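First comes the structure, then the notes that go with it.
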Amino acid sequence: MKKLLLLGIPLLALVVALGVGYHFVVDTSSAAHWYTQVDNARVQPLEQNASEYEYRLDAYDENGGTHDVTFGTERQLRDGAYLELETMPLRGVISWEEVQPDAI
């Protein structure tokens with residue numbers, strides 16, 4: 001019985017950890033959608049790679065709540081463009097897409 005507990009508890013912990021990891025890393029079905037407008041005055045080139053950029057913008061959720069977001073891109077985005085951001089807890093922005101203002 002003691003051997004079963006010694007094997008069972010770590011195995012259960014591993015299964016739980018894998019489930020939580022899957023939810024936060026692989027499963028994006030629960031991603032929140034926030035919206036922002038590109039302001040190229042608030043972009044910084046990443047020092048280690050001049051072809052990558054970091055944006056720090058204000059974003060808004062569907063209820064009008066404000067969020068500070070930081071995300072990277074491989075190119076400078078079109079100034080004034082509207083973006084739909086997919087965000088996840090702990091991971092931040094996982095994807096972005098340019099949208100028309102009437103789609104927001």
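Numbering starts fresh at 1 for the residues of each chain in the structure tokens, the chains themselves are lettered A, B, ... in the order given, and ligands are numbered from 1 as they appear.
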Exercise. Near stretch 45-51 of chain A, within 10 Å and counting only C-alpha atoms, which residues show up once chain neighbours fewer than 2 positions away are dropped, as a VMD selection string?
Worked result: chain A and resid 43 53 to 55 72 to 76
Selection file, all heavy atoms, as a PDB file, in the first residue's frame:
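Result file is out.pdb:
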ATOM      1  N   VAL A  43       6.799  52.329 -30.110  1.00  0.00           N
ATOM      2  CA  VAL A  43       7.475  51.096 -30.497  1.00  0.00           C
ATOM      3  C   VAL A  43       8.968  51.275 -30.277  1.00  0.00           C
ATOM      4  O   VAL A  43       9.504  52.365 -30.448  1.00  0.00           O
ATOM      5  CB  VAL A  43       7.173  50.719 -31.966  1.00  0.00           C
ATOM      6  CG1 VAL A  43       7.698  51.755 -32.931  1.00  0.00           C
ATOM      7  CG2 VAL A  43       7.746  49.348 -32.302  1.00  0.00           C
ATOM      8  N   TYR A  53      10.568  44.264 -33.232  1.00  0.00           N
ATOM      9  CA  TYR A  53      10.092  45.447 -32.534  1.00  0.00           C
ATOM     10  C   TYR A  53       9.200  45.047 -31.371  1.00  0.00           C
ATOM     11  O   TYR A  53       8.557  44.007 -31.386  1.00  0.00           O
ATOM     12  CB  TYR A  53       9.302  46.342 -33.500  1.00  0.00           C
ATOM     13  CG  TYR A  53      10.140  46.776 -34.672  1.00  0.00           C
ATOM     14  CD1 TYR A  53      10.191  46.011 -35.834  1.00  0.00           C
ATOM     15  CD2 TYR A  53      10.901  47.922 -34.607  1.00  0.00           C
ATOM     16  CE1 TYR A  53      10.984  46.392 -36.901  1.00  0.00           C
ATOM     17  CE2 TYR A  53      11.696  48.319 -35.674  1.00  0.00           C
ATOM     18  CZ  TYR A  53      11.724  47.540 -36.815  1.00  0.00           C
ATOM     19  OH  TYR A  53      12.508  47.926 -37.859  1.00  0.00           O
ATOM     20  N   GLU A  54       9.173  45.917 -30.359  1.00  0.00           N
ATOM     21  CA  GLU A  54       8.320  45.698 -29.189  1.00  0.00           C
ATOM     22  C   GLU A  54       7.360  46.876 -29.065  1.00  0.00           C
ATOM     23  O   GLU A  54       7.779  48.020 -29.000  1.00  0.00           O
ATOM     24  CB  GLU A  54       9.162  45.573 -27.928  1.00  0.00           C
ATOM     25  CG  GLU A  54       8.316  45.324 -26.689  1.00  0.00           C
ATOM     26  CD  GLU A  54       9.173  45.164 -25.458  1.00  0.00           C
ATOM     27  OE1 GLU A  54       9.654  46.203 -24.960  1.00  0.00           O
ATOM     28  OE2 GLU A  54       9.358  44.026 -25.024  1.00  0.00           O
ATOM     29  N   TYR A  55       6.073  46.550 -29.038  1.00  0.00           N
ATOM     30  CA  TYR A  55       5.036  47.562 -28.867  1.00  0.00           C
ATOM     31  C   TYR A  55       4.522  47.531 -27.435  1.00  0.00           C
ATOM     32  O   TYR A  55       4.335  46.470 -26.861  1.00  0.00           O
ATOM     33  CB  TYR A  55       3.857  47.290 -29.816  1.00  0.00           C
ATOM     34  CG  TYR A  55       4.124  47.733 -31.226  1.00  0.00           C
ATOM     35  CD1 TYR A  55       4.770  46.900 -32.130  1.00  0.00           C
ATOM     36  CD2 TYR A  55       3.736  48.991 -31.648  1.00  0.00           C
ATOM     37  CE1 TYR A  55       5.019  47.306 -33.423  1.00  0.00           C
ATOM     38  CE2 TYR A  55       3.978  49.410 -32.950  1.00  0.00           C
ATOM     39  CZ  TYR A  55       4.621  48.562 -33.825  1.00  0.00           C
ATOM     40  OH  TYR A  55       4.873  48.985 -35.097  1.00  0.00           O
ATOM     41  N   GLY A  72       5.648  41.623 -29.244  1.00  0.00           N
ATOM     42  CA  GLY A  72       6.679  41.787 -30.248  1.00  0.00           C
ATOM     43  C   GLY A  72       6.169  41.499 -31.644  1.00  0.00           C
ATOM     44  O   GLY A  72       5.208  40.747 -31.824  1.00  0.00           O
ATOM     45  N   THR A  73       6.825  42.116 -32.624  1.00  0.00           N
ATOM     46  CA  THR A  73       6.521  41.873 -34.030  1.00  0.00           C
ATOM     47  C   THR A  73       7.835  41.768 -34.801  1.00  0.00           C
ATOM     48  O   THR A  73       8.879  42.192 -34.319  1.00  0.00           O
ATOM     49  CB  THR A  73       5.681  43.011 -34.645  1.00  0.00           C
ATOM     50  OG1 THR A  73       6.440  44.215 -34.637  1.00  0.00           O
ATOM     51  CG2 THR A  73       4.385  43.217 -33.884  1.00  0.00           C
ATOM     52  N   GLU A  74       7.750  41.222 -35.985  1.00  0.00           N
ATOM     53  CA  GLU A  74       8.931  41.101 -36.836  1.00  0.00           C
ATOM     54  C   GLU A  74       9.074  42.285 -37.780  1.00  0.00           C
ATOM     55  O   GLU A  74      10.026  42.348 -38.535  1.00  0.00           O
ATOM     56  CB  GLU A  74       8.867  39.795 -37.629  1.00  0.00           C
ATOM     57  CG  GLU A  74       8.980  38.579 -36.735  1.00  0.00           C
ATOM     58  CD  GLU A  74       8.908  37.286 -37.517  1.00  0.00           C
ATOM     59  OE1 GLU A  74       8.679  37.311 -38.745  1.00  0.00           O
ATOM     60  OE2 GLU A  74       9.083  36.232 -36.893  1.00  0.00           O
ATOM     61  N   ARG A  75       8.117  43.192 -37.738  1.00  0.00           N
ATOM     62  CA  ARG A  75       8.152  44.381 -38.580  1.00  0.00           C
ATOM     63  C   ARG A  75       7.382  45.494 -37.886  1.00  0.00           C
ATOM     64  O   ARG A  75       6.602  45.230 -36.970  1.00  0.00           O
ATOM     65  CB  ARG A  75       7.532  44.107 -39.952  1.00  0.00           C
ATOM     66  CG  ARG A  75       6.053  43.696 -39.849  1.00  0.00           C
ATOM     67  CD  ARG A  75       5.462  43.420 -41.216  1.00  0.00           C
ATOM     68  NE  ARG A  75       4.152  42.830 -41.121  1.00  0.00           N
ATOM     69  CZ  ARG A  75       3.012  43.515 -40.997  1.00  0.00           C
ATOM     70  NH1 ARG A  75       3.029  44.832 -40.953  1.00  0.00           N
ATOM     71  NH2 ARG A  75       1.856  42.894 -40.914  1.00  0.00           N
ATOM     72  N   GLN A  76       7.622  46.723 -38.321  1.00  0.00           N
ATOM     73  CA  GLN A  76       6.819  47.815 -37.781  1.00  0.00           C
ATOM     74  C   GLN A  76       5.435  47.728 -38.388  1.00  0.00           C
ATOM     75  O   GLN A  76       5.282  47.444 -39.578  1.00  0.00           O
ATOM     76  CB  GLN A  76       7.434  49.177 -38.103  1.00  0.00           C
ATOM     77  CG  GLN A  76       8.469  49.589 -37.104  1.00  0.00           C
ATOM     78  CD  GLN A  76       8.791  51.076 -37.193  1.00  0.00           C
ATOM     79  OE1 GLN A  76       8.716  51.671 -38.243  1.00  0.00           O
ATOM     80  NE2 GLN A  76       9.168  51.627 -36.070  1.00  0.00           N
TER      81      GLN A  76
END
For this session: Within chain A, find each residue whose DSSP state, derived from the backbone, is alpha helix (DSSP H), and express the selection as a list in words.
Result: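 Answer for chain A, restricted to alpha helix (DSSP H): Lys2, Lys3, Leu4, Leu5, Leu6, Leu7, Gly8, Ile9, Pro10, Leu11, Leu12, Ala13, Leu14, Val15, Val16, Ala17, Leu18, Gly19, Val20 and Gly21 of chain A.
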Exercise. Could you state the separation of atom CA of A:Arg91 and atom CA of A:Leu11 in Å, given to one decimal place?
Worked result: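 It comes out at 26.3 Å.
With only C-alpha atoms as the basis for measurement, A:Glu97 is the residue among A:Glu97, A:Gln44, A:Glu52, A:His67 that approaches A:Glu84 most closely.
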Problem set entry | Contacts of A:Ala103 within 12 Å, only C-alpha atoms, excl. fewer than 3 positions in-chain, as a ChimeraX atom specification | /A:35,82-84,97-100
Preceding selection exported with N, CA, C and O atoms as a PDB file, in the first residue's frame:
ATOM      1  N   TYR A  35      -8.594  44.906 -28.030  1.00  0.00           N
ATOM      2  CA  TYR A  35      -8.427  45.731 -29.223  1.00  0.00           C
ATOM      3  C   TYR A  35      -7.538  46.920 -28.907  1.00  0.00           C
ATOM      4  O   TYR A  35      -7.581  47.464 -27.811  1.00  0.00           O
ATOM      5  N   TYR A  82      -5.900  49.373 -36.560  1.00  0.00           N
ATOM      6  CA  TYR A  82      -6.582  48.754 -35.434  1.00  0.00           C
ATOM      7  C   TYR A  82      -6.239  47.273 -35.417  1.00  0.00           C
ATOM      8  O   TYR A  82      -6.213  46.622 -36.466  1.00  0.00           O
ATOM      9  N   LEU A  83      -5.961  46.759 -34.222  1.00  0.00           N
ATOM     10  CA  LEU A  83      -5.593  45.356 -34.058  1.00  0.00           C
ATOM     11  C   LEU A  83      -6.536  44.657 -33.104  1.00  0.00           C
ATOM     12  O   LEU A  83      -6.968  45.233 -32.104  1.00  0.00           O
ATOM     13  N   GLU A  84      -6.821  43.405 -33.415  1.00  0.00           N
ATOM     14  CA  GLU A  84      -7.485  42.506 -32.470  1.00  0.00           C
ATOM     15  C   GLU A  84      -6.388  41.617 -31.902  1.00  0.00           C
ATOM     16  O   GLU A  84      -5.664  40.957 -32.653  1.00  0.00           O
ATOM     17  N   GLU A  97      -4.082  40.556 -35.160  1.00  0.00           N
ATOM     18  CA  GLU A  97      -4.552  40.645 -36.534  1.00  0.00           C
ATOM     19  C   GLU A  97      -5.098  42.044 -36.765  1.00  0.00           C
ATOM     20  O   GLU A  97      -5.832  42.579 -35.927  1.00  0.00           O
ATOM     21  N   GLU A  98      -4.754  42.642 -37.890  1.00  0.00           N
ATOM     22  CA  GLU A  98      -5.296  43.965 -38.226  1.00  0.00           C
ATOM     23  C   GLU A  98      -6.762  43.805 -38.603  1.00  0.00           C
ATOM     24  O   GLU A  98      -7.132  42.890 -39.329  1.00  0.00           O
ATOM     25  N   VAL A  99      -7.605  44.689 -38.065  1.00  0.00           N
ATOM     26  CA  VAL A  99      -9.040  44.658 -38.339  1.00  0.00           C
ATOM     27  C   VAL A  99      -9.513  46.050 -38.738  1.00  0.00           C
ATOM     28  O   VAL A  99      -8.849  47.049 -38.447  1.00  0.00           O
ATOM     29  N   GLN A 100     -10.657  46.093 -39.373  1.00  0.00           N
ATOM     30  CA  GLN A 100     -11.281  47.371 -39.713  1.00  0.00           C
ATOM     31  C   GLN A 100     -11.972  47.920 -38.479  1.00  0.00           C
ATOM     32  O   GLN A 100     -12.490  47.164 -37.644  1.00  0.00           O
TER      33      GLN A 100
END
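Considering the residues A:Lys2, A:Pro101, A:Thr87, A:Ser95 and counting only C-alpha atoms, A:Ala31 has its shortest atom-to-atom contact with A:Thr87.
The two atoms in question, atom CA of A:Leu90 and atom CA of A:Asn40, are spaced 25.4 Å apart.
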Problem set entry | Proximity to A:Ala81 - best of A:Leu12, A:Ala32, A:Val38, A:Val69, only C-alpha atoms |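 Counting only C-alpha atoms, the residue closest to A:Ala81 is A:Val38.
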Problem set entry | Computed interatomic separation between atom CA of A:Asp102 and atom CA of A:Arg78 (Å) | 17.5 Å
For this session: Could you give me, as a ChimeraX atom specification, the residues within 9 Å of stretch 58-65 of chain A, counting only C-alpha atoms and dropping anything in the same chain fewer than 6 positions from it?
Result: /A:32-37,85,104
Problem set entry | Distance criterion (only C-alpha atoms): nearest to A:Asp68 out of A:Gly92, A:Gly80, A:Glu86, A:Val16 |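 Under the stated criterion, the closest residue is A:Gly92.
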For this session: Can you list, as number ranges by chain, all residues belonging to chain A that DSSP tags as strand (DSSP E)?
Result: A: 32-37, 43-46, 49-60, 66-73, 82-88, 92-99
Written selection (N, CA and C atoms) as a tab-separated table (two decimals), in the first residue's frame:
chain	number	residue	atom	x	y	z
A	32	ALA	N	-8.71	35.62	-24.53
A	32	ALA	CA	-9.50	36.85	-24.49
A	32	ALA	C	-9.16	37.68	-25.72
A	33	HIS	N	-10.11	38.46	-26.17
A	33	HIS	CA	-9.90	39.33	-27.33
A	33	HIS	C	-9.91	40.77	-26.88
A	34	TRP	N	-8.80	41.45	-27.10
A	34	TRP	CA	-8.65	42.86	-26.78
A	34	TRP	C	-8.37	43.61	-28.06
A	35	TYR	N	-8.59	44.91	-28.03
A	35	TYR	CA	-8.43	45.73	-29.22
A	35	TYR	C	-7.54	46.92	-28.91
A	36	THR	N	-6.72	47.31	-29.89
A	36	THR	CA	-5.81	48.43	-29.71
A	36	THR	C	-5.61	49.14	-31.04
A	37	GLN	N	-5.03	50.31	-30.97
A	37	GLN	CA	-4.67	51.05	-32.17
A	37	GLN	C	-3.16	51.26	-32.17
A	43	VAL	N	6.80	52.33	-30.11
A	43	VAL	CA	7.47	51.10	-30.50
A	43	VAL	C	8.97	51.27	-30.28
A	44	GLN	N	9.62	50.19	-29.87
A	44	GLN	CA	11.06	50.19	-29.66
A	44	GLN	C	11.67	49.02	-30.42
A	45	PRO	N	12.75	49.26	-31.15
A	45	PRO	CA	13.45	48.10	-31.74
A	45	PRO	C	14.11	47.30	-30.63
A	46	LEU	N	14.07	45.99	-30.76
A	46	LEU	CA	14.75	45.14	-29.78
A	46	LEU	C	16.24	45.23	-30.04
A	49	ASN	N	18.17	42.44	-31.92
A	49	ASN	CA	17.81	42.17	-33.30
A	49	ASN	C	17.05	43.37	-33.85
A	50	ALA	N	17.68	44.14	-34.70
A	50	ALA	CA	17.08	45.38	-35.21
A	50	ALA	C	15.89	45.12	-36.13
A	51	SER	N	15.63	43.87	-36.51
A	51	SER	CA	14.48	43.57	-37.36
A	51	SER	C	13.27	43.10	-36.55
A	52	GLU	N	13.33	43.23	-35.24
A	52	GLU	CA	12.20	42.90	-34.37
A	52	GLU	C	11.87	44.12	-33.53
A	53	TYR	N	10.57	44.26	-33.23
A	53	TYR	CA	10.09	45.45	-32.53
A	53	TYR	C	9.20	45.05	-31.37
A	54	GLU	N	9.17	45.92	-30.36
A	54	GLU	CA	8.32	45.70	-29.19
A	54	GLU	C	7.36	46.88	-29.06
A	55	TYR	N	6.07	46.55	-29.04
A	55	TYR	CA	5.04	47.56	-28.87
A	55	TYR	C	4.52	47.53	-27.44
A	56	ARG	N	4.30	48.72	-26.88
A	56	ARG	CA	3.67	48.88	-25.56
A	56	ARG	C	2.48	49.81	-25.78
A	57	LEU	N	1.28	49.21	-25.76
A	57	LEU	CA	0.08	49.95	-26.11
A	57	LEU	C	-1.01	49.75	-25.07
A	58	ASP	N	-2.01	50.62	-25.11
A	58	ASP	CA	-3.22	50.45	-24.31
A	58	ASP	C	-4.20	49.62	-25.14
A	59	ALA	N	-4.82	48.64	-24.52
A	59	ALA	CA	-5.80	47.81	-25.20
A	59	ALA	C	-7.10	47.84	-24.41
A	60	TYR	N	-8.18	47.50	-25.08
A	60	TYR	CA	-9.50	47.53	-24.47
A	60	TYR	C	-10.20	46.21	-24.71
A	66	THR	N	-9.54	48.67	-19.59
A	66	THR	CA	-8.25	49.04	-20.17
A	66	THR	C	-7.16	48.10	-19.68
A	67	HIS	N	-6.26	47.75	-20.58
A	67	HIS	CA	-5.13	46.87	-20.25
A	67	HIS	C	-3.88	47.42	-20.91
A	68	ASP	N	-2.76	47.38	-20.22
A	68	ASP	CA	-1.46	47.69	-20.81
A	68	ASP	C	-0.93	46.41	-21.42
A	69	VAL	N	-0.59	46.44	-22.69
A	69	VAL	CA	-0.07	45.24	-23.34
A	69	VAL	C	1.30	45.52	-23.95
A	70	THR	N	2.10	44.49	-23.96
A	70	THR	CA	3.41	44.53	-24.60
A	70	THR	C	3.50	43.29	-25.48
A	71	PHE	N	3.88	43.49	-26.72
A	71	PHE	CA	4.04	42.34	-27.62
A	71	PHE	C	5.07	42.67	-28.68
A	72	GLY	N	5.65	41.62	-29.24
A	72	GLY	CA	6.68	41.79	-30.25
A	72	GLY	C	6.17	41.50	-31.64
A	73	THR	N	6.82	42.12	-32.62
A	73	THR	CA	6.52	41.87	-34.03
A	73	THR	C	7.84	41.77	-34.80
A	82	TYR	N	-5.90	49.37	-36.56
A	82	TYR	CA	-6.58	48.75	-35.43
A	82	TYR	C	-6.24	47.27	-35.42
A	83	LEU	N	-5.96	46.76	-34.22
A	83	LEU	CA	-5.59	45.36	-34.06
A	83	LEU	C	-6.54	44.66	-33.10
A	84	GLU	N	-6.82	43.40	-33.41
A	84	GLU	CA	-7.48	42.51	-32.47
A	84	GLU	C	-6.39	41.62	-31.90
A	85	LEU	N	-6.24	41.63	-30.59
A	85	LEU	CA	-5.21	40.85	-29.92
A	85	LEU	C	-5.86	39.65	-29.23
A	86	GLU	N	-5.25	38.49	-29.35
A	86	GLU	CA	-5.65	37.33	-28.55
A	86	GLU	C	-4.68	37.26	-27.39
A	87	THR	N	-5.21	37.22	-26.18
A	87	THR	CA	-4.36	37.20	-24.99
A	87	THR	C	-4.72	36.03	-24.09
A	88	MET	N	-3.70	35.55	-23.40
A	88	MET	CA	-3.89	34.45	-22.44
A	88	MET	C	-3.23	34.84	-21.13
A	92	GLY	N	0.32	36.42	-22.08
A	92	GLY	CA	0.16	37.73	-22.72
A	92	GLY	C	-0.43	37.59	-24.10
A	93	VAL	N	0.03	38.43	-25.03
A	93	VAL	CA	-0.48	38.43	-26.40
A	93	VAL	C	0.06	37.20	-27.12
A	94	ILE	N	-0.85	36.37	-27.64
A	94	ILE	CA	-0.43	35.17	-28.36
A	94	ILE	C	-0.58	35.35	-29.87
A	95	SER	N	-1.42	36.30	-30.29
A	95	SER	CA	-1.54	36.60	-31.71
A	95	SER	C	-2.21	37.95	-31.88
A	96	TRP	N	-2.03	38.52	-33.05
A	96	TRP	CA	-2.67	39.79	-33.37
A	96	TRP	C	-3.05	39.77	-34.84
A	97	GLU	N	-4.08	40.56	-35.16
A	97	GLU	CA	-4.55	40.65	-36.53
A	97	GLU	C	-5.10	42.04	-36.76
A	98	GLU	N	-4.75	42.64	-37.89
A	98	GLU	CA	-5.30	43.96	-38.23
A	98	GLU	C	-6.76	43.81	-38.60
A	99	VAL	N	-7.60	44.69	-38.06
A	99	VAL	CA	-9.04	44.66	-38.34
A	99	VAL	C	-9.51	46.05	-38.74
